[in-house]
Structure formats: C-alpha cells, structure tokens
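Here is the structure we will look at, set down as structure tokens.
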Amino acid sequence: MEDKKRLWPFLLVAPLVIAAIIGWFVLPDELVVQIGGDGQPSNVMPKLFGLLTAPAVGLIGAGIASSSAKEKHLAGFLALAAAFVITGFTFFMNL
C-alpha cells in the first residue's frame, strides 16, 4: 500500500504532458520564454525544447516528492508547482 502512495505524484505530470501535446499543435514554432527589460520579448526557444521543459521539471519534482525522505516531499511538490507555472507562462506568452 505504501508503494501506491509514493507513486501518486507522478499522476500530476499527466496534465503537463497533455499541455505539451496541445501546445505542439497550437503554439508557434519559436516560443517566447522570457520578457526583456523594455517589455519586449527577448529570448526565444525552439518549440520542442520549450514544450518539454515543464514536463521534465515535473518529472524531477514527482521523483523527489515520491522519495521516502519526508523532508524532500515539500521540495518535490514545489518543483511540480513550478512546472505548472512554466506551462502557464509558456501558453500565456505565446497565444
């Protein structure tokens, strides 16, 4: 039973993967990933790398959150939250 409890953070990665798949079809070929100091987009990234960044951070966070060390759970969930923020920012800046 304990193993099932430890693997549920990986379910939170599924929406990130689904968002990356949707982004592949609806976002432009180059993604804006940073706002410049003057309010203009300054850095762009190829679509593949830009869309895979959030699921990669989410997988790392889920791995940390599912570890047996209790003090690492919060860090893993913060990384998962950061992955959702990255996804939201990517869609907000590029739609």
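We label chains A, B, ... in the order they appear in the structure tokens, count residues from 1 in each chain, and number ligands from 1 in the order shown.
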From a backbone DSSP assignment, name each residue in chain A labelled alpha helix (DSSP H), as a PyMOL selection string.
chain A and resi 2-7+14-26+47-65+73-94
Surrounding residues of Ile64 in chain A excluding itself and chain neighbours under 4 positions, 7 Å, only C-alpha atoms, as a list in words
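Everything that qualifies: Ile60, Lys72, His73 and Gly76 of chain A.
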Extract the full set of strand (DSSP E or B) residues from chain A according to DSSP on the backbone, and format it as a list in words.
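Strand (DSSP E or B) assignments inside chain A correspond to Glu30, Leu31, Val32, Val33, Gln34, Ile35, Pro41, Ser42, Asn43, Val44, Met45 and Pro46 of chain A.
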Pick the closest to Ile18 in chain A from A:Leu80, A:Leu52, A:Val44, A:Ala65: which is it, counting only C-alpha atoms?
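Of A:Leu80, A:Leu52, A:Val44, A:Ala65, the one nearest Ile18 in chain A, counting only C-alpha atoms, is A:Leu52.
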